[in-house]
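Peer 1: So that you have it, the file is input12.pdb, and it contains PDB, C-alpha atoms:
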```pdb
ATOM      1  CA  MET A   1     -11.146  21.008  35.506
ATOM      2  CA  ASP A   2     -12.027  18.338  32.938
ATOM      3  CA  VAL A   3      -8.560  17.169  31.892
ATOM      4  CA  VAL A   4      -5.070  17.867  33.228
ATOM      5  CA  ALA A   5      -2.095  16.518  31.255
ATOM      6  CA  LEU A   6       1.555  16.326  32.202
ATOM      7  CA  GLY A   7       4.492  15.976  29.829
ATOM      8  CA  GLU A   8       6.498  17.580  27.076
ATOM      9  CA  LEU A   9       5.789  20.889  25.392
ATOM     10  CA  LEU A  10       8.282  21.473  22.608
ATOM     11  CA  ILE A  11       8.883  22.954  19.198
ATOM     12  CA  ASP A  12       8.296  20.637  16.237
ATOM     13  CA  PHE A  13      10.335  21.955  13.332
ATOM     14  CA  THR A  14       8.281  20.734  10.375
ATOM     15  CA  GLU A  15       9.632  20.756   6.822
ATOM     16  CA  ASN A  16       7.937  23.470   4.821
ATOM     17  CA  GLY A  17       9.406  23.758   1.348
ATOM     18  CA  ILE A  18      12.753  24.857  -0.066
ATOM     19  CA  SER A  19      14.286  28.325   0.038
ATOM     20  CA  SER A  20      15.366  30.252  -3.081
ATOM     21  CA  GLN A  21      18.904  29.057  -2.320
ATOM     22  CA  GLY A  22      17.780  25.418  -2.333
ATOM     23  CA  ASN A  23      17.869  24.933   1.453
ATOM     24  CA  PRO A  24      15.097  23.145   3.356
ATOM     25  CA  LEU A  25      12.783  25.496   5.268
ATOM     26  CA  PHE A  26      11.355  24.509   8.641
ATOM     27  CA  GLU A  27       8.312  25.907  10.392
ATOM     28  CA  ALA A  28       8.479  26.175  14.201
ATOM     29  CA  ASN A  29       5.211  24.478  15.216
ATOM     30  CA  PRO A  30       4.249  24.214  18.887
ATOM     31  CA  GLY A  31       3.941  20.530  19.783
ATOM     32  CA  GLY A  32       4.264  17.771  22.342
ATOM     33  CA  ALA A  33       1.740  14.947  22.628
ATOM     34  CA  PRO A  34       0.068  15.792  25.978
ATOM     35  CA  CYS A  35      -0.470  19.395  24.925
ATOM     36  CA  ASN A  36      -1.817  18.324  21.522
ATOM     37  CA  VAL A  37      -4.406  16.244  23.399
ATOM     38  CA  LEU A  38      -5.364  19.268  25.504
ATOM     39  CA  ALA A  39      -5.567  21.527  22.437
ATOM     40  CA  MET A  40      -8.152  19.229  20.836
ATOM     41  CA  LEU A  41     -10.106  18.908  24.096
ATOM     42  CA  THR A  42     -10.153  22.690  24.452
ATOM     43  CA  LYS A  43     -11.566  22.961  20.908
ATOM     44  CA  LEU A  44     -14.317  20.582  22.043
ATOM     45  CA  GLY A  45     -15.234  22.905  24.903
ATOM     46  CA  HIS A  46     -13.404  21.330  27.845
ATOM     47  CA  LYS A  47     -11.503  23.065  30.628
ATOM     48  CA  THR A  48      -7.918  21.869  30.437
ATOM     49  CA  ALA A  49      -4.601  22.502  32.191
ATOM     50  CA  PHE A  50      -1.020  21.593  31.373
ATOM     51  CA  ILE A  51       1.860  20.667  33.687
ATOM     52  CA  GLY A  52       5.369  20.758  32.249
ATOM     53  CA  LYS A  53       8.514  22.766  31.722
ATOM     54  CA  VAL A  54       9.973  24.886  28.923
ATOM     55  CA  GLY A  55      13.136  26.946  28.748
ATOM     56  CA  ASN A  56      13.063  30.592  29.790
ATOM     57  CA  ASP A  57      13.955  31.456  26.206
ATOM     58  CA  PHE A  58      12.449  32.626  22.935
ATOM     59  CA  PHE A  59      10.847  29.256  22.148
ATOM     60  CA  GLY A  60       9.563  28.794  25.695
ATOM     61  CA  LYS A  61       7.776  32.128  25.424
ATOM     62  CA  GLN A  62       6.356  31.168  22.020
ATOM     63  CA  LEU A  63       4.999  27.917  23.470
ATOM     64  CA  GLU A  64       3.477  29.596  26.509
ATOM     65  CA  ASP A  65       1.760  32.149  24.254
ATOM     66  CA  ALA A  66       0.481  29.411  21.922
ATOM     67  CA  ILE A  67      -1.182  27.316  24.605
ATOM     68  CA  LYS A  68      -2.577  30.378  26.396
ATOM     69  CA  GLU A  69      -4.073  31.564  23.130
ATOM     70  CA  ILE A  70      -5.772  28.181  22.643
ATOM     71  CA  GLY A  71      -7.248  28.434  26.143
ATOM     72  CA  ILE A  72      -5.209  25.840  28.053
ATOM     73  CA  ASN A  73      -4.578  26.767  31.702
ATOM     74  CA  VAL A  74      -0.833  27.462  32.186
ATOM     75  CA  THR A  75      -0.558  27.692  35.991
ATOM     76  CA  GLY A  76       1.335  24.358  35.921
ATOM     77  CA  LEU A  77       3.831  25.521  33.272
ATOM     78  CA  ARG A  78       7.332  26.099  34.681
ATOM     79  CA  LYS A  79      10.346  27.785  33.069
ATOM     80  CA  ASP A  80      13.968  26.747  33.362
ATOM     81  CA  ASP A  81      16.638  29.480  33.381
ATOM     82  CA  LYS A  82      19.537  27.139  32.589
ATOM     83  CA  VAL A  83      18.189  24.565  30.150
ATOM     84  CA  HIS A  84      16.709  25.392  26.753
ATOM     85  CA  THR A  85      13.313  24.409  25.408
ATOM     86  CA  THR A  86      13.290  20.948  23.826
ATOM     87  CA  LEU A  87      13.267  20.897  20.016
ATOM     88  CA  ALA A  88      12.243  18.161  17.584
ATOM     89  CA  LEU A  89      12.941  18.129  13.858
ATOM     90  CA  VAL A  90      10.245  16.285  11.959
ATOM     91  CA  HIS A  91      11.158  14.719   8.630
ATOM     92  CA  THR A  92       8.056  13.844   6.612
ATOM     93  CA  TYR A  93       8.015  10.982   4.092
ATOM     94  CA  PRO A  94       5.918  11.053   0.896
ATOM     95  CA  ASP A  95       3.138   8.920   2.471
ATOM     96  CA  GLY A  96       2.787  11.361   5.406
ATOM     97  CA  ASP A  97       4.685   9.186   7.882
ATOM     98  CA  ARG A  98       7.521  10.820   9.791
ATOM     99  CA  ASP A  99      10.819  10.590  11.607
ATOM    100  CA  PHE A 100      11.959  12.660  14.595
ATOM    101  CA  SER A 101      15.370  14.071  15.515
ATOM    102  CA  PHE A 102      15.412  15.494  19.048
ATOM    103  CA  TYR A 103      17.528  18.256  20.575
ATOM    104  CA  ARG A 104      17.162  17.249  24.210
ATOM    105  CA  ASN A 105      20.435  16.544  25.917
ATOM    106  CA  PRO A 106      19.144  17.894  28.202
ATOM    107  CA  GLY A 107      15.926  19.729  27.295
ATOM    108  CA  ALA A 108      13.806  21.820  29.638
ATOM    109  CA  ASP A 109      10.930  19.308  29.678
ATOM    110  CA  MET A 110      13.246  16.818  31.471
ATOM    111  CA  MET A 111      13.876  19.291  34.294
ATOM    112  CA  LEU A 112      10.444  19.216  35.930
ATOM    113  CA  THR A 113      10.813  18.271  39.629
ATOM    114  CA  GLU A 114       8.492  16.754  42.225
ATOM    115  CA  GLU A 115       8.405  20.099  44.061
ATOM    116  CA  GLU A 116       7.005  21.793  40.958
ATOM    117  CA  ILE A 117       3.904  19.586  40.692
ATOM    118  CA  PRO A 118       0.804  21.752  41.347
ATOM    119  CA  GLU A 119      -1.209  19.446  43.623
ATOM    120  CA  GLU A 120      -4.335  21.627  43.781
ATOM    121  CA  LEU A 121      -4.631  21.573  39.986
ATOM    122  CA  ILE A 122      -4.538  17.767  39.903
ATOM    123  CA  LEU A 123      -6.881  17.324  42.866
ATOM    124  CA  GLU A 124      -9.742  18.973  41.013
ATOM    125  CA  THR A 125      -9.463  17.234  37.635
ATOM    126  CA  ARG A 126     -11.790  14.535  36.293
ATOM    127  CA  ILE A 127      -9.185  12.990  33.973
ATOM    128  CA  PHE A 128      -5.381  12.992  34.292
ATOM    129  CA  HIS A 129      -3.420  12.181  31.116
ATOM    130  CA  PHE A 130       0.273  11.339  30.673
ATOM    131  CA  GLY A 131       2.753   9.557  28.387
ATOM    132  CA  THR A 132       6.308   8.217  28.620
ATOM    133  CA  LEU A 133       8.388  11.173  27.412
ATOM    134  CA  SER A 134       8.156  12.519  30.955
ATOM    135  CA  MET A 135       9.609   9.224  32.226
ATOM    136  CA  THR A 136      12.829   8.943  30.211
ATOM    137  CA  HIS A 137      14.979  10.424  33.024
ATOM    138  CA  GLU A 138      14.937   9.972  36.797
ATOM    139  CA  LYS A 139      14.052  13.513  37.929
ATOM    140  CA  VAL A 140      11.053  14.050  35.661
ATOM    141  CA  ARG A 141      10.010  10.413  36.162
ATOM    142  CA  ARG A 142       9.670  11.042  39.906
ATOM    143  CA  ALA A 143       7.637  14.178  39.181
ATOM    144  CA  THR A 144       5.342  12.237  36.825
ATOM    145  CA  LYS A 145       4.792   9.425  39.328
ATOM    146  CA  LYS A 146       4.003  11.917  42.082
ATOM    147  CA  ALA A 147       1.381  13.588  39.849
ATOM    148  CA  VAL A 148      -0.170  10.214  38.953
ATOM    149  CA  ALA A 149      -0.339   9.272  42.651
ATOM    150  CA  ILE A 150      -2.136  12.538  43.490
ATOM    151  CA  ALA A 151      -4.600  12.037  40.628
ATOM    152  CA  LYS A 152      -5.356   8.463  41.730
ATOM    153  CA  GLN A 153      -5.839   9.537  45.320
ATOM    154  CA  ALA A 154      -8.272  12.217  44.125
ATOM    155  CA  GLY A 155     -10.288   9.589  42.237
ATOM    156  CA  ALA A 156      -9.499  10.945  38.765
ATOM    157  CA  ILE A 157      -9.687   8.715  35.683
ATOM    158  CA  ILE A 158      -6.096   8.044  34.573
ATOM    159  CA  SER A 159      -5.389   8.089  30.835
ATOM    160  CA  PHE A 160      -2.082   6.842  29.400
ATOM    161  CA  ASP A 161      -0.576   6.962  25.906
ATOM    162  CA  PRO A 162       2.947   5.441  25.835
ATOM    163  CA  ASN A 163       3.896   7.413  22.696
ATOM    164  CA  ILE A 164       7.346   5.784  22.514
ATOM    165  CA  ARG A 165      10.126   7.819  20.866
ATOM    166  CA  GLU A 166      13.008   5.371  20.707
ATOM    167  CA  PRO A 167      15.878   7.895  20.288
ATOM    168  CA  LEU A 168      15.044   9.437  23.678
ATOM    169  CA  TRP A 169      15.578   6.274  25.728
ATOM    170  CA  ASN A 170      18.852   4.903  27.068
ATOM    171  CA  SER A 171      17.469   1.448  26.309
ATOM    172  CA  MET A 172      14.202  -0.053  25.135
ATOM    173  CA  TYR A 173      14.285  -2.233  28.249
ATOM    174  CA  GLU A 174      13.950   0.935  30.333
ATOM    175  CA  ALA A 175      11.190   2.201  28.027
ATOM    176  CA  ARG A 176       9.323  -1.054  28.504
ATOM    177  CA  GLU A 177       9.583  -0.811  32.311
ATOM    178  CA  GLN A 178       8.003   2.640  32.251
ATOM    179  CA  VAL A 179       5.226   1.549  29.878
ATOM    180  CA  LEU A 180       4.421  -1.300  32.282
ATOM    181  CA  TYR A 181       4.278   1.223  35.132
ATOM    182  CA  GLY A 182       1.754   3.243  33.086
ATOM    183  CA  LEU A 183      -0.351   0.130  32.414
ATOM    184  CA  GLY A 184      -0.490  -0.483  36.139
ATOM    185  CA  GLN A 185      -1.908   2.989  36.773
ATOM    186  CA  CYS A 186      -4.357   3.738  33.962
ATOM    187  CA  HIS A 187      -8.076   3.228  33.354
ATOM    188  CA  ILE A 188      -7.783   4.252  29.688
ATOM    189  CA  LEU A 189      -4.900   3.078  27.509
ATOM    190  CA  LYS A 190      -4.371   4.450  24.020
ATOM    191  CA  ILE A 191      -1.639   2.489  22.267
ATOM    192  CA  SER A 192      -0.542   2.329  18.627
ATOM    193  CA  ASP A 193      -0.332  -0.846  16.550
ATOM    194  CA  ASN A 194       3.485  -0.999  16.487
ATOM    195  CA  GLU A 195       3.754  -0.167  20.214
ATOM    196  CA  ILE A 196       1.421  -2.958  21.323
ATOM    197  CA  GLN A 197       3.268  -5.468  19.119
ATOM    198  CA  TRP A 198       6.634  -4.333  20.492
ATOM    199  CA  LEU A 199       5.390  -4.442  24.100
ATOM    200  CA  THR A 200       3.667  -7.829  24.040
ATOM    201  CA  GLY A 201       5.578  -9.640  21.285
ATOM    202  CA  LYS A 202       2.237 -10.557  19.699
ATOM    203  CA  ASN A 203       1.245  -9.574  16.164
ATOM    204  CA  ASP A 204      -2.479 -10.109  16.703
ATOM    205  CA  TYR A 205      -3.946  -7.083  18.522
ATOM    206  CA  THR A 206      -6.628  -9.078  20.339
ATOM    207  CA  GLU A 207      -3.989 -11.513  21.618
ATOM    208  CA  ALA A 208      -1.850  -8.542  22.645
ATOM    209  CA  VAL A 209      -4.743  -6.936  24.560
ATOM    210  CA  LYS A 210      -5.387 -10.265  26.271
ATOM    211  CA  TRP A 211      -1.722 -10.339  27.333
ATOM    212  CA  ILE A 212      -2.080  -6.865  28.860
ATOM    213  CA  ARG A 213      -5.375  -7.666  30.555
ATOM    214  CA  GLU A 214      -4.001 -10.807  32.215
ATOM    215  CA  LYS A 215      -1.594  -8.559  34.089
ATOM    216  CA  TYR A 216      -3.420  -5.222  34.386
ATOM    217  CA  ASP A 217      -7.022  -4.297  34.967
ATOM    218  CA  ILE A 218      -7.608  -1.586  32.344
ATOM    219  CA  PRO A 219     -11.301  -0.961  31.570
ATOM    220  CA  LEU A 220     -10.813   0.689  28.153
ATOM    221  CA  ILE A 221      -7.994  -0.125  25.734
ATOM    222  CA  LEU A 222      -7.763   1.625  22.367
ATOM    223  CA  VAL A 223      -5.503   0.416  19.593
ATOM    224  CA  SER A 224      -4.854   3.001  16.877
ATOM    225  CA  MET A 225      -3.959   1.290  13.621
ATOM    226  CA  GLY A 226      -3.198   4.225  11.310
ATOM    227  CA  LYS A 227      -4.556   3.547   7.817
ATOM    228  CA  GLU A 228      -6.403   0.483   9.194
ATOM    229  CA  GLY A 229      -8.607   2.483  11.562
ATOM    230  CA  SER A 230      -8.948   1.790  15.287
ATOM    231  CA  ARG A 231     -10.264  -0.637  17.867
ATOM    232  CA  ALA A 232     -11.739  -0.329  21.340
ATOM    233  CA  TYR A 233     -11.557  -3.187  23.834
ATOM    234  CA  TYR A 234     -14.029  -2.759  26.689
ATOM    235  CA  GLN A 235     -15.098  -5.509  29.094
ATOM    236  CA  ASP A 236     -15.595  -8.547  26.852
ATOM    237  CA  ARG A 237     -16.234  -6.499  23.696
ATOM    238  CA  MET A 238     -14.092  -5.471  20.783
ATOM    239  CA  VAL A 239     -15.342  -2.818  18.393
ATOM    240  CA  GLU A 240     -13.433  -1.846  15.249
ATOM    241  CA  LYS A 241     -14.063   1.166  13.019
ATOM    242  CA  ALA A 242     -12.578   1.800   9.584
ATOM    243  CA  PRO A 243     -10.528   4.969   9.110
ATOM    244  CA  PHE A 244     -11.557   8.056   7.181
ATOM    245  CA  ILE A 245      -8.925   7.909   4.446
ATOM    246  CA  ASN A 246      -8.102  11.395   3.287
ATOM    247  CA  GLU A 247      -6.451  12.032  -0.077
ATOM    248  CA  ASN A 248      -5.253  15.414   1.247
ATOM    249  CA  THR A 249      -3.083  13.834   3.957
ATOM    250  CA  ILE A 250       0.272  15.616   4.180
ATOM    251  CA  GLU A 251       1.621  14.454   7.553
ATOM    252  CA  THR A 252       0.462  12.315  10.470
ATOM    253  CA  THR A 253       1.884  14.397  13.336
ATOM    254  CA  GLY A 254      -0.749  14.718  16.029
ATOM    255  CA  ALA A 255      -3.195  12.181  14.566
ATOM    256  CA  GLY A 256      -2.864   9.838  17.547
ATOM    257  CA  ASP A 257      -3.173  12.752  19.976
ATOM    258  CA  THR A 258      -6.298  14.028  18.237
ATOM    259  CA  PHE A 259      -7.762  10.528  18.373
ATOM    260  CA  CYS A 260      -6.905  10.206  22.060
ATOM    261  CA  ALA A 261      -8.464  13.602  22.875
ATOM    262  CA  CYS A 262     -11.754  12.637  21.212
ATOM    263  CA  VAL A 263     -11.890   9.457  23.282
ATOM    264  CA  LEU A 264     -11.354  11.489  26.469
ATOM    265  CA  HIS A 265     -14.031  13.930  25.267
ATOM    266  CA  TYR A 266     -16.465  11.032  24.962
ATOM    267  CA  ILE A 267     -15.561   9.710  28.429
ATOM    268  CA  CYS A 268     -15.983  13.198  29.924
ATOM    269  CA  LYS A 269     -19.527  13.185  28.558
ATOM    270  CA  HIS A 270     -20.539   9.559  29.142
ATOM    271  CA  GLY A 271     -18.256   8.281  31.908
ATOM    272  CA  LEU A 272     -16.384   4.976  31.856
ATOM    273  CA  GLU A 273     -19.185   2.768  33.221
ATOM    274  CA  ASN A 274     -21.687   0.723  31.196
ATOM    275  CA  LEU A 275     -20.548   1.732  27.720
ATOM    276  CA  THR A 276     -22.539  -0.087  25.034
ATOM    277  CA  GLU A 277     -21.386  -1.263  21.620
ATOM    278  CA  LYS A 278     -23.214   1.731  20.144
ATOM    279  CA  ASN A 279     -21.281   4.070  22.481
ATOM    280  CA  LEU A 280     -17.963   2.546  21.464
ATOM    281  CA  LYS A 281     -18.795   2.825  17.757
ATOM    282  CA  GLU A 282     -19.816   6.473  18.147
ATOM    283  CA  MET A 283     -16.641   7.225  20.072
ATOM    284  CA  LEU A 284     -14.326   5.574  17.514
ATOM    285  CA  THR A 285     -16.123   7.116  14.533
ATOM    286  CA  TYR A 286     -15.713  10.608  15.974
ATOM    287  CA  ALA A 287     -12.085  10.005  16.977
ATOM    288  CA  ASN A 288     -11.166   8.510  13.574
ATOM    289  CA  ALA A 289     -12.768  11.436  11.746
ATOM    290  CA  ALA A 290     -10.909  14.019  13.830
ATOM    291  CA  ALA A 291      -7.600  12.171  13.392
ATOM    292  CA  SER A 292      -8.130  12.042   9.636
ATOM    293  CA  ASN A 293      -8.799  15.784   9.571
ATOM    294  CA  ILE A 294      -5.562  16.745  11.365
ATOM    295  CA  THR A 295      -3.424  14.817   8.828
ATOM    296  CA  THR A 296      -4.345  17.406   6.192
ATOM    297  CA  ARG A 297      -2.545  20.187   8.121
ATOM    298  CA  LYS A 298       1.016  21.031   9.082
ATOM    299  CA  GLY A 299       1.632  20.739  12.818
ATOM    300  CA  ALA A 300      -1.060  19.870  15.341
ATOM    301  CA  LEU A 301      -1.436  21.987  18.443
ATOM    302  CA  ARG A 302      -2.557  25.184  16.698
ATOM    303  CA  VAL A 303      -4.669  23.599  13.943
ATOM    304  CA  MET A 304      -6.960  21.114  15.697
ATOM    305  CA  PRO A 305     -10.259  20.540  13.839
ATOM    306  CA  ARG A 306     -13.437  22.284  15.001
ATOM    307  CA  PRO A 307     -16.392  20.105  16.094
ATOM    308  CA  GLU A 308     -18.384  21.151  13.007
ATOM    309  CA  GLU A 309     -15.555  20.012  10.690
ATOM    310  CA  ILE A 310     -15.497  16.593  12.379
ATOM    311  CA  GLU A 311     -19.299  16.276  12.185
ATOM    312  CA  ALA A 312     -19.294  17.311   8.511
ATOM    313  CA  LEU A 313     -16.727  14.620   7.705
ATOM    314  CA  ILE A 314     -18.831  11.959   9.470
ATOM    315  CA  ALA A 315     -22.033  13.154   7.773
ATOM    316  CA  GLY A 316     -20.283  13.030   4.384
ATOM    317  CA  HIS A 317     -19.459   9.334   4.918
ATOM    318  CA  HIS A 318     -23.020   8.198   5.598
TER
END
```
Spit out the file's structure as structure tokens when you get a sec.

Peer 2:
Amino acid sequence: MDVVALGELLIDFTENGISSQGNPLFEANPGGAPCNVLAMLTKLGHKTAFIGKVGNDFFGKQLEDAIKEIGINVTGLRKDDKVHTTLALVHTYPDGDRDFSFYRNPGADMMLTEEEIPEELILETRIFHFGTLSMTHEKVRRATKKAVAIAKQAGAIISFDPNIREPLWNSMYEAREQVLYGLGQCHILKISDNEIQWLTGKNDYTEAVKWIREKYDIPLILVSMGKEGSRAYYQDRMVEKAPFINENTIETTGAGDTFCACVLHYICKHGLENLTEKNLKEMLTYANAAASNITTRKGALRVMPRPEEIEALIAGHH
């Protein structure tokens, strides 16, 4: 297995027009950051598997079918008979940015237990990826930490994207504690501009990365900066690549996940040792292009760009 991810699989209700009666219409898109990452990796030809929990309900079935259809291994997907599948309503602003309202009190993704972690799946993966939505509550937090421990023991590369959703935390102090746990475990950190500023209290990204590195030994740190592009910090190098601005952008859901997946794709191919400046530039260019592409589509998981679309976008910029 190339990449195993653990976390939330949920329905993103995305605004999709107005009905004849003047009511907003929502489309039930399959979503959840870790699974979005796997969907992109699967498009790029990798063997992937997901660990998480959905409700044993209509939406849970829809989600299972969606990720199976994409080609993600579902042996680690559990179903809860008592708790419904988690739902998120996504409100999109005119510039493509968005706001989330969650129906998760509780939601099935929070119900994953330590006993349900499929050890054999994790033991054979090259990369293990996780975020913080599976650490908002004690039970699923224990399950996440058990999975991370197994992956580390097996010598897998650990990838972490905090992906903070403030409404889901009891307090931002607790969120911060769990992000710091993730920093202590990972070899690859993908963090957004506003998250790294919030975490470190520093506005300058290089200063912020220095703050992290003084406490945690993370070989590769990626800062995604939205319309400003992205940066990679590796050893004593910093490489920055401009974004591919797309006038057809309609929403940014999944852009960070697509970016993250392309970085993991590059690491699957080249490893994490001895990356050159040229490697880092190639990696960021590809990841930025893919992220730009996904912003032109509604949803994420089902509509990840094909390799040839990403390559065409890069070729068109040269």

Peer 1: One decimal, Å: what's the distance from atom CA of A:Ala261 over to atom CA of A:Leu38, could you say?

Peer 2: 7.0 Å

Peer 1: Considering all atoms listed in the file, can you say which of A:Met135, A:Met40, A:Thr75, A:Ser20 comes closest to A:Ile294?

Peer 2: A:Met40

Peer 1: Could you list the residues chosen by the PyMOL selection byres ((chain A and resi 197-208) around 9) in this structure as a VMD selection string?

Peer 2: chain A and resid 176 179 to 180 192 to 196 209 to 213 223 233 238

Peer 1: Step by step, work through what the PyMOL selection byres ((chain A and resi 290) around 10) selects in the shown file, and finish by giving those residues as a PyMOL selection string.

Peer 2: chain A and resi 40+244+255-262+284-289+291-295+304-307+309-311+313-314

Peer 1: Store the residues picked out above, limited to C-alpha atoms, as a CSV table (one decimal), in the frame of the given file.

Peer 2:
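selection-v1.csv was written with the following content:
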```
chain,number,residue,atom,x,y,z
A,40,MET,CA,-8.2,19.2,20.8
A,244,PHE,CA,-11.6,8.1,7.2
A,255,ALA,CA,-3.2,12.2,14.6
A,256,GLY,CA,-2.9,9.8,17.5
A,257,ASP,CA,-3.2,12.8,20.0
A,258,THR,CA,-6.3,14.0,18.2
A,259,PHE,CA,-7.8,10.5,18.4
A,260,CYS,CA,-6.9,10.2,22.1
A,261,ALA,CA,-8.5,13.6,22.9
A,262,CYS,CA,-11.8,12.6,21.2
A,284,LEU,CA,-14.3,5.6,17.5
A,285,THR,CA,-16.1,7.1,14.5
A,286,TYR,CA,-15.7,10.6,16.0
A,287,ALA,CA,-12.1,10.0,17.0
A,288,ASN,CA,-11.2,8.5,13.6
A,289,ALA,CA,-12.8,11.4,11.7
A,291,ALA,CA,-7.6,12.2,13.4
A,292,SER,CA,-8.1,12.0,9.6
A,293,ASN,CA,-8.8,15.8,9.6
A,294,ILE,CA,-5.6,16.7,11.4
A,295,THR,CA,-3.4,14.8,8.8
A,304,MET,CA,-7.0,21.1,15.7
A,305,PRO,CA,-10.3,20.5,13.8
A,306,ARG,CA,-13.4,22.3,15.0
A,307,PRO,CA,-16.4,20.1,16.1
A,309,GLU,CA,-15.6,20.0,10.7
A,310,ILE,CA,-15.5,16.6,12.4
A,311,GLU,CA,-19.3,16.3,12.2
A,313,LEU,CA,-16.7,14.6,7.7
A,314,ILE,CA,-18.8,12.0,9.5
```

Peer 1: Please evaluate the PyMOL selection byres ((chain A and resi 80) around 7) against the structure above and give the resulting residues as a PyMOL selection string.

Peer 2: chain A and resi 53-56+78-79+81-83+108

Peer 1: Would you mind listing what lies within 9 Å of stretch 188-191 of chain A as a list of chain:residue names, with only C-alpha atoms counted and same-chain residues fewer than 4 positions away left out?

Peer 2: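 The filter keeps A:Ile157, A:Ile158, A:Ser159, A:Phe160, A:Asp161, A:Pro162, A:Asn163, A:Gly182, A:Leu183, A:Glu195, A:Ile196, A:Ile218, A:Pro219, A:Leu220, A:Ile221, A:Leu222, A:Val223, A:Ser224, A:Gly256, A:Phe259, A:Cys260, A:Leu264, A:Leu272.
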
Peer 1: As an exercise, work out the distance from atom CA of A:Gly32 to atom CA of A:Lys298 in Å and give it to one decimal place.

Peer 2: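 Pair atom CA of A:Gly32 / atom CA of A:Lys298 returns 14.0 Å.
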
Peer 1: Can you list, as a PyMOL selection string, every protein, DNA or RNA residue that comes within 7 Å of A:Ala147 when you count only C-alpha atoms, leaving out same-chain residues fewer than 4 positions away?

Peer 2: chain A and resi 117+143+151

Peer 1: Next, the residues of the selection above should be written as a tab-separated table (two decimals), in the frame of the given file with C-alpha atoms.

Peer 2:
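Wrote it out as part.tsv, contents follow:
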```
chain	number	residue	atom	x	y	z
A	117	ILE	CA	3.90	19.59	40.69
A	143	ALA	CA	7.64	14.18	39.18
A	151	ALA	CA	-4.60	12.04	40.63
```

Peer 1: So which residues touch A:Leu133 within 7 Å, counting only C-alpha atoms, skipping near sequence neighbours fewer than 3 positions away, as a list of chain:residue names?

Peer 2: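 Listed by chain and then number, they are A:Gly7, A:Glu8, A:Thr136.
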
Peer 1: Using Å and a single decimal, report how far atom CA of A:Leu10 sits from atom CA of A:Lys43.

Peer 2: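 If I compute the distance from atom CA of A:Lys43 to atom CA of A:Leu10, I get 20.0 Å.
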
Peer 1: Give as JSON, numbers by chain every residue, naming chains and numbers as the document does, that has an atom within 9 Å of (-2.9, 22.4, 32.1), counting all atoms listed in the file.

Peer 2: {"A": [3, 4, 5, 6, 35, 38, 47, 48, 49, 50, 51, 52, 72, 73, 74, 75, 76, 77, 121]}

Peer 1: Name the closest residue to A:Met1 among the candidates A:Glu64, A:Glu124, A:Glu27, A:Asp109; distances are taken between atoms, counting only C-alpha atoms.

Peer 2: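 Comparing A:Glu64, A:Glu124, A:Glu27, A:Asp109 against A:Met1, the winner is A:Glu124.
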
Peer 1: Using only C-alpha atoms, find the one residue out of A:Gly71, A:Pro94, A:Gly60, A:Pro24 that sits nearest to A:Asn248.

Peer 2: A:Pro94

Peer 1: For A:Glu177, which of A:Thr132, A:Thr144, A:Asn274, A:Thr42 is the closest residue, counting only C-alpha atoms?

Peer 2: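 Answer, going by the shortest atom-to-atom distance: A:Thr132.
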
Peer 1: With distances taken over only C-alpha atoms, which residue among A:Asn170, A:Ser19, A:Arg126, A:Leu301 lies nearest A:Asn105?

Peer 2: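 Looking only at the distances to A:Asn105, the closest residue turns out to be A:Asn170.
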
Peer 1: Return the padded bounding box of stretch 240-247 of chain A as lines of an AutoDock Vina configuration file: axis-aligned, built from all atoms listed in the file, 6 Å added on each side, with centre and edge lengths in Å to one decimal.

Peer 2:
```
center_x = -10.3
center_y = 5.1
center_z = 7.6
size_x = 19.6
size_y = 25.9
size_z = 27.3
```

Peer 1: Fewer than 3 positions away in the same chain doesn't count, so skip those; otherwise give me all residues within 12 Å of A:Ile11, counting only C-alpha atoms, as a short mmCIF file (atom, residue, chain, number, x, y, z; two decimals) with C-alpha atoms, in the coordinates of the input.

Peer 2:
```
data_model
loop_
_atom_site.label_atom_id
_atom_site.label_comp_id
_atom_site.auth_asym_id
_atom_site.auth_seq_id
_atom_site.Cartn_x
_atom_site.Cartn_y
_atom_site.Cartn_z
CA GLU A 8 6.50 17.58 27.08
CA THR A 14 8.28 20.73 10.38
CA PHE A 26 11.36 24.51 8.64
CA GLU A 27 8.31 25.91 10.39
CA ALA A 28 8.48 26.18 14.20
CA ASN A 29 5.21 24.48 15.22
CA PRO A 30 4.25 24.21 18.89
CA GLY A 31 3.94 20.53 19.78
CA GLY A 32 4.26 17.77 22.34
CA ALA A 33 1.74 14.95 22.63
CA CYS A 35 -0.47 19.40 24.92
CA ASN A 36 -1.82 18.32 21.52
CA VAL A 54 9.97 24.89 28.92
CA GLY A 55 13.14 26.95 28.75
CA PHE A 58 12.45 32.63 22.94
CA PHE A 59 10.85 29.26 22.15
CA GLY A 60 9.56 28.79 25.70
CA LYS A 61 7.78 32.13 25.42
CA GLN A 62 6.36 31.17 22.02
CA LEU A 63 5.00 27.92 23.47
CA GLU A 64 3.48 29.60 26.51
CA ALA A 66 0.48 29.41 21.92
CA HIS A 84 16.71 25.39 26.75
CA THR A 85 13.31 24.41 25.41
CA THR A 86 13.29 20.95 23.83
CA LEU A 87 13.27 20.90 20.02
CA ALA A 88 12.24 18.16 17.58
CA LEU A 89 12.94 18.13 13.86
CA VAL A 90 10.24 16.28 11.96
CA PHE A 100 11.96 12.66 14.60
CA SER A 101 15.37 14.07 15.52
CA PHE A 102 15.41 15.49 19.05
CA TYR A 103 17.53 18.26 20.58
CA ARG A 104 17.16 17.25 24.21
CA GLY A 107 15.93 19.73 27.30
CA ALA A 108 13.81 21.82 29.64
CA ASP A 109 10.93 19.31 29.68
CA GLY A 299 1.63 20.74 12.82
CA ALA A 300 -1.06 19.87 15.34
CA LEU A 301 -1.44 21.99 18.44
CA ARG A 302 -2.56 25.18 16.70
#
```
